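**Q** Provided herewith: input18.tsv, TSV, C-alpha atoms.
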```tsv
chain	number	residue	atom	x	y	z
A	680	MET	CA	45.19	60.35	136.88
A	681	PRO	CA	48.38	60.76	138.86
A	682	ASP	CA	49.98	57.80	137.13
A	683	ALA	CA	49.51	59.34	133.70
A	684	THR	CA	50.93	62.66	134.86
A	685	ALA	CA	53.93	60.93	136.34
A	686	GLU	CA	54.39	58.97	133.14
A	687	THR	CA	54.14	62.15	131.04
A	688	ALA	CA	56.71	63.84	133.29
A	689	LEU	CA	58.96	60.83	132.97
A	690	LEU	CA	58.59	60.83	129.19
A	691	ARG	CA	59.28	64.58	129.05
A	692	ALA	CA	62.42	64.06	131.11
A	693	GLU	CA	63.50	61.24	128.82
A	694	ILE	CA	62.89	63.39	125.74
A	695	ALA	CA	64.84	66.26	127.30
A	696	ALA	CA	67.70	63.88	128.09
A	697	LEU	CA	67.64	62.51	124.53
A	698	GLU	CA	67.57	66.03	123.10
A	699	GLN	CA	70.56	66.91	125.22
A	700	LEU	CA	72.36	63.78	124.06
A	701	LEU	CA	71.53	64.61	120.45
A	702	GLU	CA	72.85	68.12	120.92
A	703	ILE	CA	76.11	66.80	122.38
A	704	GLN	CA	76.43	64.35	119.50
A	705	GLU	CA	75.75	67.05	116.93
A	706	ARG	CA	78.41	69.19	118.55
A	707	THR	CA	80.87	66.30	118.52
A	708	VAL	CA	80.14	65.61	114.84
A	709	ALA	CA	80.60	69.30	114.03
A	710	GLU	CA	83.90	69.38	115.91
A	711	GLN	CA	85.11	66.22	114.23
A	712	THR	CA	84.10	67.52	110.80
A	713	GLU	CA	86.06	70.67	111.49
A	714	ARG	CA	89.11	68.63	112.57
A	715	LEU	CA	88.81	66.53	109.41
A	716	ASP	CA	88.59	69.68	107.30
A	717	VAL	CA	91.77	70.98	108.91
A	718	LYS	CA	93.46	67.60	108.28
A	719	ALA	CA	92.30	67.60	104.65
A	720	ALA	CA	93.68	71.12	104.17
A	721	GLU	CA	97.00	70.01	105.71
A	722	LEU	CA	97.10	67.03	103.38
A	723	ARG	CA	96.40	69.20	100.36
A	724	ARG	CA	99.21	71.52	101.41
A	725	SER	CA	101.68	68.69	101.91
A	726	ASN	CA	100.66	67.16	98.57
A	727	TYR	CA	101.24	70.48	96.92
A	728	ALA	CA	104.64	70.80	98.62
A	729	LEU	CA	105.55	67.31	97.45
A	730	GLU	CA	104.50	68.11	93.90
A	731	GLN	CA	106.59	71.27	93.91
A	732	PHE	CA	109.52	69.28	95.25
A	733	ALA	CA	109.14	66.74	92.45
A	734	TYR	CA	108.99	69.53	89.93
A	735	VAL	CA	112.17	71.14	91.22
A	736	ILE	CA	113.91	67.78	91.10
A	737	SER	CA	112.75	67.07	87.58
A	738	HIS	CA	113.90	70.40	86.26
A	739	ASP	CA	116.52	72.11	88.31
A	740	LEU	CA	118.55	69.05	89.24
A	741	GLN	CA	118.32	67.33	85.90
A	742	GLU	CA	119.72	70.29	84.02
A	743	PRO	CA	123.22	70.23	85.58
A	744	LEU	CA	123.16	66.45	85.67
A	745	ARG	CA	122.48	66.33	81.96
A	746	MET	CA	125.56	68.51	81.41
A	747	VAL	CA	127.76	66.17	83.46
A	748	ALA	CA	126.41	63.14	81.61
A	749	ALA	CA	126.66	64.69	78.15
A	750	TYR	CA	130.16	66.05	78.51
A	751	THR	CA	131.69	63.00	80.20
A	752	GLU	CA	130.19	61.01	77.34
A	753	LEU	CA	131.73	63.46	74.85
A	754	LEU	CA	135.07	63.15	76.68
A	755	ARG	CA	134.85	59.37	76.44
A	756	GLU	CA	134.00	59.46	72.74
A	757	SER	CA	136.75	61.92	71.87
A	758	TYR	CA	139.55	60.82	74.18
A	759	GLN	CA	139.11	57.17	75.11
A	760	GLY	CA	142.39	55.34	74.55
A	761	LYS	CA	144.21	58.61	73.83
A	762	LEU	CA	144.99	59.43	77.47
A	763	ASP	CA	146.30	56.91	79.98
A	764	ALA	CA	144.45	53.96	81.49
A	765	ASN	CA	143.59	55.90	84.65
A	766	ALA	CA	141.92	58.67	82.62
A	767	ASP	CA	139.68	56.13	80.87
A	768	LYS	CA	138.77	54.64	84.23
A	769	TYR	CA	137.95	58.05	85.77
A	770	ILE	CA	135.78	59.03	82.83
A	771	GLY	CA	133.99	55.69	83.15
A	772	PHE	CA	133.29	56.32	86.86
A	773	ALA	CA	132.03	59.82	86.16
A	774	SER	CA	129.62	58.80	83.40
A	775	GLY	CA	128.46	55.76	85.37
A	776	GLY	CA	127.74	58.01	88.36
A	777	ALA	CA	125.77	60.47	86.26
A	778	ARG	CA	123.68	57.67	84.74
A	779	ARG	CA	123.02	56.22	88.16
A	780	MET	CA	121.93	59.57	89.57
A	781	GLN	CA	119.55	60.01	86.66
A	782	GLU	CA	117.95	56.64	87.47
A	783	LEU	CA	117.60	57.61	91.12
A	784	ILE	CA	116.02	60.98	90.33
A	785	ASN	CA	113.54	59.34	87.96
A	786	ALA	CA	112.66	56.71	90.58
A	787	LEU	CA	112.14	59.40	93.22
A	788	LEU	CA	109.93	61.32	90.82
A	789	ASP	CA	107.87	58.17	90.16
A	790	TYR	CA	107.51	57.72	93.89
A	791	SER	CA	106.25	61.25	94.48
A	792	ARG	CA	103.82	60.99	91.56
A	793	ILE	CA	101.92	58.09	93.15
A	794	THR	CA	99.93	60.51	95.26
A	795	THR	CA	100.15	63.62	93.10
A	796	ARG	CA	99.30	62.00	89.75
A	797	GLY	CA	97.03	59.17	90.88
A	798	GLU	CA	93.70	58.47	89.19
A	799	GLU	CA	90.39	58.15	91.10
A	800	LEU	CA	89.88	54.72	92.64
A	801	GLU	CA	87.28	52.60	90.80
A	802	PRO	CA	86.34	48.95	90.30
A	803	VAL	CA	89.26	47.13	88.67
A	804	ALA	CA	89.55	43.47	87.63
A	805	LEU	CA	92.74	42.07	89.21
A	806	GLU	CA	92.73	39.48	86.44
A	807	GLY	CA	93.38	42.21	83.84
A	808	VAL	CA	95.91	43.92	86.11
A	809	VAL	CA	97.97	40.72	86.39
A	810	ASN	CA	97.65	40.08	82.63
A	811	ASP	CA	99.08	43.53	81.88
A	812	ALA	CA	101.87	43.23	84.44
A	813	LEU	CA	102.94	39.83	83.05
A	814	GLU	CA	102.75	41.11	79.50
A	815	ASN	CA	105.03	44.03	80.41
A	816	LEU	CA	107.49	41.49	81.82
A	817	ALA	CA	107.08	38.99	78.96
A	818	LEU	CA	110.71	39.19	77.86
A	819	ALA	CA	112.15	38.73	81.37
A	820	ILE	CA	109.73	35.85	82.01
A	821	GLU	CA	110.74	34.13	78.80
A	822	GLU	CA	114.46	34.65	79.31
A	823	SER	CA	114.39	33.32	82.87
A	824	HIS	CA	112.14	30.33	81.93
A	825	ALA	CA	109.91	31.30	84.84
A	826	GLU	CA	106.93	29.18	85.78
A	827	ILE	CA	103.98	31.28	86.83
A	828	ALA	CA	100.94	29.70	88.45
A	829	ARG	CA	97.84	31.78	89.03
A	830	GLU	CA	94.35	31.34	90.38
A	831	PRO	CA	91.20	33.27	89.37
A	832	LEU	CA	91.30	36.76	90.85
A	833	PRO	CA	88.49	39.04	92.07
A	834	TRP	CA	87.67	42.69	91.44
A	835	VAL	CA	89.09	45.31	93.75
A	836	ARG	CA	88.81	49.05	94.27
A	837	GLY	CA	91.85	50.72	92.75
A	838	ASP	CA	93.81	52.80	90.30
A	839	ARG	CA	94.43	50.36	87.46
A	840	VAL	CA	97.72	51.87	86.28
A	841	GLN	CA	99.13	51.84	89.80
A	842	LEU	CA	97.97	48.30	90.50
A	843	VAL	CA	99.69	47.09	87.32
A	844	ARG	CA	102.83	48.85	88.55
A	845	LEU	CA	102.54	47.20	91.96
A	846	VAL	CA	102.08	43.67	90.59
A	847	GLN	CA	104.78	44.26	87.99
A	848	ASN	CA	107.30	45.39	90.64
A	849	LEU	CA	106.57	42.35	92.81
A	850	VAL	CA	106.75	39.86	89.94
A	851	ALA	CA	109.92	41.55	88.62
A	852	ASN	CA	111.49	41.13	92.07
A	853	ALA	CA	110.43	37.47	92.15
A	854	LEU	CA	112.13	36.97	88.77
A	855	LYS	CA	115.23	38.87	89.82
A	856	PHE	CA	115.94	37.54	93.29
A	857	THR	CA	116.42	33.91	92.31
A	858	GLU	CA	119.64	31.89	92.29
A	859	PRO	CA	121.13	32.24	88.79
A	860	ASP	CA	121.08	28.48	88.14
A	861	GLN	CA	117.37	28.15	88.95
A	862	SER	CA	114.23	29.06	87.05
A	863	PRO	CA	111.90	31.31	89.04
A	864	ARG	CA	108.66	29.75	90.26
A	865	ILE	CA	105.95	32.25	91.08
A	866	GLN	CA	102.46	31.82	92.42
A	867	ILE	CA	99.80	34.54	92.28
A	868	ARG	CA	96.62	34.09	94.29
A	869	THR	CA	94.17	35.90	96.53
A	870	THR	CA	92.21	35.16	99.66
A	871	THR	CA	89.17	37.20	100.61
A	872	CYS	CA	87.99	37.94	104.12
A	873	GLU	CA	84.83	40.07	104.38
A	874	ARG	CA	85.59	43.09	102.19
A	875	GLU	CA	89.36	42.69	102.22
A	876	VAL	CA	91.33	40.96	99.47
A	877	SER	CA	94.84	39.71	100.21
A	878	LEU	CA	96.80	39.39	96.99
A	879	SER	CA	99.86	37.23	97.45
A	880	ILE	CA	102.79	36.87	95.10
A	881	ALA	CA	105.04	34.04	96.23
A	882	ASP	CA	108.38	32.98	94.84
A	883	ALA	CA	110.90	30.22	95.52
A	884	GLY	CA	113.84	32.61	95.32
A	885	ILE	CA	116.71	33.52	97.61
A	886	GLY	CA	114.45	34.84	100.38
A	887	ILE	CA	114.97	37.71	102.82
A	888	ASP	CA	116.41	37.56	106.31
A	889	PRO	CA	113.60	38.57	108.74
A	890	ARG	CA	115.80	41.31	110.22
A	891	HIS	CA	115.53	43.13	106.87
A	892	HIS	CA	111.75	42.75	106.52
A	893	ALA	CA	110.81	46.24	107.70
A	894	ARG	CA	113.67	47.99	105.91
A	895	ILE	CA	113.07	46.64	102.41
A	896	PHE	CA	110.12	49.02	102.01
A	897	GLU	CA	112.24	52.11	102.66
A	898	ILE	CA	113.26	54.31	99.74
A	899	PHE	CA	116.61	53.55	98.06
A	900	ARG	CA	117.01	50.47	100.26
A	901	ARG	CA	118.93	47.58	98.70
A	902	ILE	CA	119.93	44.43	100.52
A	903	HIS	CA	122.24	42.98	97.86
A	904	PRO	CA	123.61	46.01	95.98
A	905	LYS	CA	126.58	44.04	94.63
A	906	ARG	CA	124.63	41.02	93.39
A	907	PHE	CA	121.53	42.66	91.93
A	908	ALA	CA	121.09	45.91	89.98
A	909	GLY	CA	118.32	48.38	90.79
A	910	THR	CA	117.43	51.68	92.43
A	911	GLY	CA	116.05	50.29	95.69
A	912	MET	CA	112.74	52.06	95.00
A	913	GLY	CA	110.57	49.16	93.77
A	914	LEU	CA	109.14	48.06	97.11
A	915	ALA	CA	108.89	51.63	98.43
A	916	ILE	CA	106.69	52.39	95.40
A	917	CYS	CA	104.64	49.22	96.08
A	918	GLN	CA	104.08	50.25	99.68
A	919	ARG	CA	103.02	53.74	98.72
A	920	ILE	CA	100.58	52.38	96.13
A	921	ALA	CA	99.11	49.92	98.67
A	922	GLU	CA	98.71	52.71	101.22
A	923	ARG	CA	97.06	55.01	98.69
A	924	HIS	CA	94.53	52.22	98.19
A	925	GLY	CA	93.80	52.09	101.92
A	926	GLY	CA	95.69	48.79	102.14
A	927	SER	CA	99.08	47.54	103.24
A	928	ILE	CA	101.94	45.33	102.13
A	929	ARG	CA	103.94	42.80	104.14
A	930	VAL	CA	106.46	40.08	103.49
A	931	GLU	CA	106.78	36.53	104.77
A	932	SER	CA	110.22	35.15	104.06
A	933	SER	CA	113.46	33.70	105.32
A	934	VAL	CA	116.80	33.11	103.66
A	935	GLY	CA	116.68	30.31	101.07
A	936	LYS	CA	112.96	29.72	101.60
A	937	GLY	CA	111.50	32.10	98.98
A	938	SER	CA	109.43	35.20	99.68
A	939	THR	CA	105.71	35.89	99.74
A	940	PHE	CA	104.52	39.47	99.45
A	941	VAL	CA	100.95	40.06	100.57
A	942	VAL	CA	99.08	43.19	99.55
A	943	THR	CA	95.69	43.97	101.05
A	944	LEU	CA	93.11	45.75	98.89
A	945	LYS	CA	89.39	46.50	99.09
A	946	LEU	CA	87.02	43.99	97.46
A	947	GLU	CA	84.70	45.37	94.79
A	948	GLU	CA	81.67	43.95	92.98
A	949	GLU	CA	82.36	42.80	89.45
A	950	SER	CA	81.46	45.54	86.99
A	951	SER	CA	81.23	45.61	83.22
B	1389	MET	CA	122.28	78.86	46.44
B	1390	THR	CA	119.35	79.80	48.69
B	1391	ALA	CA	119.99	81.92	51.78
B	1392	PRO	CA	120.65	79.91	54.94
B	1393	ILE	CA	117.85	79.50	57.45
B	1394	ASP	CA	118.29	81.74	60.52
B	1395	ILE	CA	117.67	80.09	63.86
B	1396	LEU	CA	117.53	81.99	67.12
B	1397	LEU	CA	118.59	79.76	69.99
B	1398	VAL	CA	117.48	81.17	73.35
B	1399	GLU	CA	119.49	79.25	75.92
B	1400	ASP	CA	121.42	80.30	79.02
B	1401	ASN	CA	123.39	77.09	79.39
B	1402	GLU	CA	126.61	77.33	77.39
B	1403	GLY	CA	126.97	73.56	77.38
B	1404	ASP	CA	123.59	73.20	75.69
B	1405	VAL	CA	124.37	76.00	73.22
B	1406	HIS	CA	127.46	74.08	72.13
B	1407	LEU	CA	125.62	70.75	71.85
B	1408	THR	CA	122.73	72.32	69.92
B	1409	GLN	CA	125.11	74.01	67.50
B	1410	GLU	CA	126.88	70.68	66.97
B	1411	ALA	CA	123.57	68.91	66.34
B	1412	LEU	CA	122.41	71.55	63.84
B	1413	LYS	CA	125.73	71.49	61.95
B	1414	SER	CA	124.75	68.12	60.55
B	1415	ALA	CA	121.24	69.30	59.52
B	1416	LYS	CA	120.48	68.78	55.84
B	1417	VAL	CA	119.59	72.45	55.34
B	1418	ARG	CA	122.19	75.18	55.63
B	1419	ASN	CA	121.51	77.22	58.74
B	1420	ARG	CA	122.94	79.95	60.92
B	1421	VAL	CA	122.47	79.70	64.66
B	1422	HIS	CA	122.23	82.98	66.59
B	1423	THR	CA	122.14	82.85	70.36
B	1424	ALA	CA	120.51	84.84	73.12
B	1425	SER	CA	121.31	83.92	76.71
B	1426	ASP	CA	118.15	85.21	78.33
B	1427	GLY	CA	114.63	86.36	77.52
B	1428	VAL	CA	115.47	90.06	77.43
B	1429	GLU	CA	118.24	89.48	74.91
B	1430	ALA	CA	115.93	87.28	72.84
B	1431	MET	CA	113.27	90.02	72.63
B	1432	GLN	CA	115.97	92.59	71.72
B	1433	PHE	CA	117.18	90.30	68.92
B	1434	LEU	CA	113.66	89.74	67.62
B	1435	ARG	CA	112.89	93.48	67.70
B	1436	ARG	CA	116.35	94.45	66.42
B	1437	GLU	CA	117.04	96.61	69.44
B	1438	GLY	CA	120.22	97.39	71.41
B	1439	PRO	CA	123.22	95.47	70.07
B	1440	PHE	CA	121.02	93.61	67.56
B	1441	THR	CA	120.04	96.38	65.09
B	1442	ASP	CA	121.45	94.33	62.21
B	1443	ALA	CA	119.96	91.03	63.35
B	1444	PRO	CA	118.12	88.99	60.70
B	1445	ARG	CA	114.54	87.96	61.32
B	1446	PRO	CA	114.83	84.33	62.49
B	1447	ASP	CA	112.94	81.64	60.59
B	1448	LEU	CA	112.71	79.53	63.71
B	1449	VAL	CA	113.15	80.08	67.45
B	1450	LEU	CA	114.46	77.34	69.75
B	1451	LEU	CA	113.42	78.42	73.21
B	1452	ASP	CA	114.48	77.12	76.62
B	1453	LEU	CA	111.92	77.70	79.38
B	1454	ASN	CA	114.01	78.41	82.44
B	1455	LEU	CA	116.04	81.51	81.71
B	1456	PRO	CA	117.38	84.33	83.85
B	1457	ASN	CA	115.81	87.82	83.69
B	1458	MET	CA	112.80	87.01	81.56
B	1459	ASP	CA	111.94	83.34	81.27
B	1460	GLY	CA	110.90	81.37	78.18
B	1461	ARG	CA	107.19	81.50	78.96
B	1462	GLU	CA	107.30	85.28	79.01
B	1463	VAL	CA	109.22	85.37	75.73
B	1464	LEU	CA	106.63	83.07	74.19
B	1465	GLU	CA	103.78	85.19	75.51
B	1466	GLU	CA	105.29	88.39	74.17
B	1467	MET	CA	106.11	86.89	70.78
B	1468	LYS	CA	102.63	85.51	70.29
B	1469	ALA	CA	101.06	88.81	71.37
B	1470	ASP	CA	103.15	90.72	68.82
B	1471	GLU	CA	101.61	90.68	65.35
B	1472	SER	CA	104.97	90.97	63.61
B	1473	LEU	CA	106.53	88.08	65.56
B	1474	ARG	CA	103.68	85.65	66.04
B	1475	THR	CA	104.19	83.82	62.74
B	1476	ILE	CA	107.73	82.75	63.65
B	1477	PRO	CA	107.51	79.12	64.77
B	1478	VAL	CA	108.70	78.56	68.31
B	1479	VAL	CA	110.04	75.17	69.37
B	1480	VAL	CA	110.29	74.88	73.15
B	1481	VAL	CA	113.34	72.81	74.03
B	1482	THR	CA	113.68	72.23	77.75
B	1483	SER	CA	114.84	69.71	80.30
B	1484	SER	CA	111.44	69.74	81.99
B	1485	ALA	CA	109.09	66.87	81.26
B	1486	ALA	CA	106.54	68.28	83.72
B	1487	GLU	CA	102.95	68.16	82.49
B	1488	GLN	CA	102.28	71.63	83.83
B	1489	ASP	CA	105.01	73.07	81.58
B	1490	ILE	CA	103.83	71.17	78.52
B	1491	VAL	CA	100.20	72.23	78.96
B	1492	ARG	CA	101.12	75.82	79.72
B	1493	THR	CA	103.45	76.33	76.76
B	1494	TYR	CA	100.95	74.88	74.29
B	1495	ALA	CA	98.32	77.17	75.82
B	1496	LEU	CA	100.71	80.03	75.00
B	1497	ASN	CA	100.72	78.82	71.37
B	1498	ALA	CA	104.15	77.20	71.25
B	1499	ASN	CA	104.49	75.31	67.96
B	1500	CYS	CA	105.97	72.25	69.60
B	1501	TYR	CA	107.48	71.04	72.84
B	1502	VAL	CA	110.59	68.91	73.09
B	1503	THR	CA	112.27	67.53	76.21
B	1504	LYS	CA	116.06	67.50	76.08
B	1505	PRO	CA	117.17	63.88	76.38
B	1506	VAL	CA	119.79	63.17	79.04
B	1507	ASP	CA	121.76	60.83	76.84
B	1508	LEU	CA	124.21	62.63	74.54
B	1509	LYS	CA	123.48	60.56	71.43
B	1510	GLN	CA	119.75	60.96	71.91
B	1511	PHE	CA	120.18	64.68	72.47
B	1512	LEU	CA	122.08	65.09	69.19
B	1513	HIS	CA	119.53	62.90	67.42
B	1514	VAL	CA	116.50	64.78	68.79
B	1515	ILE	CA	117.87	68.25	68.06
B	1516	GLY	CA	119.01	67.07	64.62
B	1517	SER	CA	115.50	65.72	63.92
B	1518	VAL	CA	113.87	68.95	65.12
B	1519	GLY	CA	116.21	70.82	62.77
B	1520	ASP	CA	115.48	68.54	59.81
B	1521	PHE	CA	111.73	68.68	60.41
B	1522	TRP	CA	111.47	72.47	60.72
B	1523	LEU	CA	114.09	73.34	58.12
B	1524	GLN	CA	113.39	70.72	55.51
B	1525	ILE	CA	109.88	69.30	55.80
B	1526	VAL	CA	107.86	72.23	57.11
B	1527	LYS	CA	106.97	75.15	54.83
B	1528	LEU	CA	107.91	78.23	56.86
B	1529	PRO	CA	106.21	81.59	56.41
B	1530	PRO	CA	108.16	84.07	54.23
B	1531	LYS	CA	110.54	86.40	56.09
B	1532	ASP	CA	108.24	89.42	55.59
B	1533	ALA	CA	105.08	87.66	56.81
```
Let's see the structure in the file written out as structure tokens.

**A**
Amino acid sequence: MPDATAETALLRAEIAALEQLLEIQERTVAEQTERLDVKAAELRRSNYALEQFAYVISHDLQEPLRMVAAYTELLRESYQGKLDANADKYIGFASGGARRMQELINALLDYSRITTRGEELEPVALEGVVNDALENLALAIEESHAEIAREPLPWVRGDRVQLVRLVQNLVANALKFTEPDQSPRIQIRTTTCEREVSLSIADAGIGIDPRHHARIFEIFRRIHPKRFAGTGMGLAICQRIAERHGGSIRVESSVGKGSTFVVTLKLEEESS
Amino acid sequence: MTAPIDILLVEDNEGDVHLTQEALKSAKVRNRVHTASDGVEAMQFLRREGPFTDAPRPDLVLLDLNLPNMDGREVLEEMKADESLRTIPVVVVTSSAAEQDIVRTYALNANCYVTKPVDLKQFLHVIGSVGDFWLQIVKLPPKDA
């Protein structure tokens, strides 16, 4: 049966071709796995370097700074009003600078700890995350007479402590960047598209000029350093947390029109 | 009147030595603060070697971690490995709040770990409290233990 022989030959050829394809794919997978392993090792190394850096900052830089802070304070306590007005002013500048530097070092340490001290990602109820964040800000919310509207929120995949931090930073900004004669109005809601949750925190505050939108997520970046206190690390920390969760953060805003920060996270089934 | 409590302060930073002495002056129990500026000097003091042949046995050691020559961890390790020194309580007082330092010093049998506060008032308060706790509340082992 010539037809059958031809068919067998054809099948054999097809099998050989498939086997070859499989072999190529296996090789590609092996190569990609190796590349990923190399990348993972690089990441581990850079994480380790970052952790060491944070450690050096926390110890070696804080030690001399503590001396400056302590002794300018001692100078102020012992000699304020006993020297001339300029001396009092200089001591004030020196101790203010030391305090400020301490805040910046602590903020930088917090920033580096997001990746080095993070917990495993697991199912987290956003509802509880927002509850905790608002509770931590209870005093500021009460004092500013803020109105906070919120909708039911889903579960996401995340590090609970870090998500509380993220929401807290965003709500704290919404409370802070409002005209002094107005009460903050904040809305917290989510939209879900396939497996992605977009958590948005919107305010009716002073807003941000679009030309600053990219820069506000940089470390130590402050747009209104004279009007509002802070380290300029809040949004940088938010961005790093979002990225660690495989998500992102963006802002929609213009001057005088309020700001909406949108964080994308991974949807998760509700769990007990 | 009972003999004053002897404290060995192991600290290389003169500024901190001064602040610690000030804080302990107001402690409720009479105390004498002796200082060693690095780990080698601290071990000589504890073993009454070199310039310290007449040194008293301290009732309490306040130990900084980052020291020149021999650091605080090594001092702690050597003290706790030495039968005649291991009963002396060691309070680690350091500017590091790093978890790795806290875990490691407790693993080396430090008796407690205190981070030096940045703020002057808090610093004086914390060191004063450490002094009051260890000198007044805690029962220390007898000198010949």

**Q** Using only C-alpha atoms, which of B:Leu1396, B:Val1526, B:Ala1495, B:Ala1486 sits nearest chain A?

**A**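 Going through B:Leu1396, B:Val1526, B:Ala1495, B:Ala1486 one by one, the smallest distance to chain A is for B:Ala1486.
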
**Q** For the atom pair CA of Arg1474 in chain B and CA of Asp1404 in chain B, what is the interatomic distance in Å to one decimal place?

**A** 25.4 Å

**Q** Select residues of chain B: the criterion is any atom within 7 Å of an atom of chain A, counting only C-alpha atoms; output as a list in words.

**A**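 Close to chain A, chain B has Gly1403, Ser1483, Ser1484, Ala1486, Val1506, Asp1507 and Leu1508 of chain B.
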
**Q** Counting all atoms listed in the file, figure out which residue out of A:Thr871, A:Ser879, A:Ser823, A:Val835 gets nearest to Glu931 in chain A.

**A** A:Ser879

**Q** Would you place a box with edges along x, y and z of the file around all atoms of range 771-775 of chain A listed there, add 5 Å to each of its six sides, and report the centre and edge lengths in Å to one decimal, as lines of an AutoDock Vina configuration file?

**A**
```
center_x = 131.2
center_y = 57.8
center_z = 85.0
size_x = 15.5
size_y = 14.1
size_z = 13.7
```

**Q** In Å, how far is it from CA of Asp767 in chain A to CA of Lys1509 in chain B?

**A**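 Separation between CA of Asp767 in chain A and CA of Lys1509 in chain B: 19.3 Å.
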
**Q** Near Asp789 in chain A, within 12 Å and counting all atoms listed in the file, which residues show up once chain neighbours fewer than 3 positions away are dropped, as an mmCIF file with C-alpha atoms, in the coordinates of the input?

**A**
```
data_model
loop_
_atom_site.group_PDB
_atom_site.id
_atom_site.type_symbol
_atom_site.label_atom_id
_atom_site.label_comp_id
_atom_site.auth_asym_id
_atom_site.auth_seq_id
_atom_site.Cartn_x
_atom_site.Cartn_y
_atom_site.Cartn_z
ATOM 1 C CA LEU A 729 105.550 67.310 97.450
ATOM 2 C CA GLU A 730 104.500 68.110 93.900
ATOM 3 C CA ALA A 733 109.140 66.740 92.450
ATOM 4 C CA TYR A 734 108.990 69.530 89.930
ATOM 5 C CA ILE A 736 113.910 67.780 91.100
ATOM 6 C CA SER A 737 112.750 67.070 87.580
ATOM 7 C CA GLU A 782 117.950 56.640 87.470
ATOM 8 C CA LEU A 783 117.600 57.610 91.120
ATOM 9 C CA ILE A 784 116.020 60.980 90.330
ATOM 10 C CA ASN A 785 113.540 59.340 87.960
ATOM 11 C CA ALA A 786 112.660 56.710 90.580
ATOM 12 C CA ARG A 792 103.820 60.990 91.560
ATOM 13 C CA ILE A 793 101.920 58.090 93.150
ATOM 14 C CA THR A 794 99.930 60.510 95.260
ATOM 15 C CA THR A 795 100.150 63.620 93.100
ATOM 16 C CA ARG A 796 99.300 62.000 89.750
ATOM 17 C CA GLY A 797 97.030 59.170 90.880
ATOM 18 C CA GLN A 841 99.130 51.840 89.800
ATOM 19 C CA ARG A 844 102.830 48.850 88.550
ATOM 20 C CA ILE A 898 113.260 54.310 99.740
ATOM 21 C CA THR A 910 117.430 51.680 92.430
ATOM 22 C CA MET A 912 112.740 52.060 95.000
ATOM 23 C CA GLY A 913 110.570 49.160 93.770
ATOM 24 C CA ALA A 915 108.890 51.630 98.430
ATOM 25 C CA ILE A 916 106.690 52.390 95.400
ATOM 26 C CA CYS A 917 104.640 49.220 96.080
ATOM 27 C CA ARG A 919 103.020 53.740 98.720
ATOM 28 C CA ILE A 920 100.580 52.380 96.130
#
```

**Q** State, in Å with one decimal place, the distance from CA of Lys768 in chain A to CA of Lys905 in chain A.

**A**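 Separation of CA of Lys768 in chain A and CA of Lys905 in chain A: 19.2 Å.
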
**Q** My list of candidates is B:Val1481, B:Val1398, B:Val1514, B:Val1502. Which is closest to Val1463 in chain B when distances are computed with all atoms listed in the file?

**A**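 For Val1463 in chain B, the nearest of the candidates is B:Val1398.
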
**Q** Using all atoms listed in the file, find the one residue out of B:Ile1490, B:Met1431, B:Val1449, B:Ala1424 that sits nearest to Glu1466 in chain B.

**A**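 Of all the options, B:Met1431 lies closest to Glu1466 in chain B.
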
**Q** My list of candidates is B:Ala1485, B:Leu1512, B:Met1467, B:Leu1450. Which is closest to Cys1500 in chain B when distances are computed with all atoms listed in the file?

**A**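 Nearest candidate to Cys1500 in chain B out of B:Ala1485, B:Leu1512, B:Met1467, B:Leu1450: B:Leu1450.
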
**Q** Taking all atoms listed in the file into account, name the residue in A:Ala851, A:Leu762, A:Val941, A:Ala819 that is nearest to Glu875 in chain A.

**A**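 Closest to Glu875 in chain A of all the choices is A:Val941.
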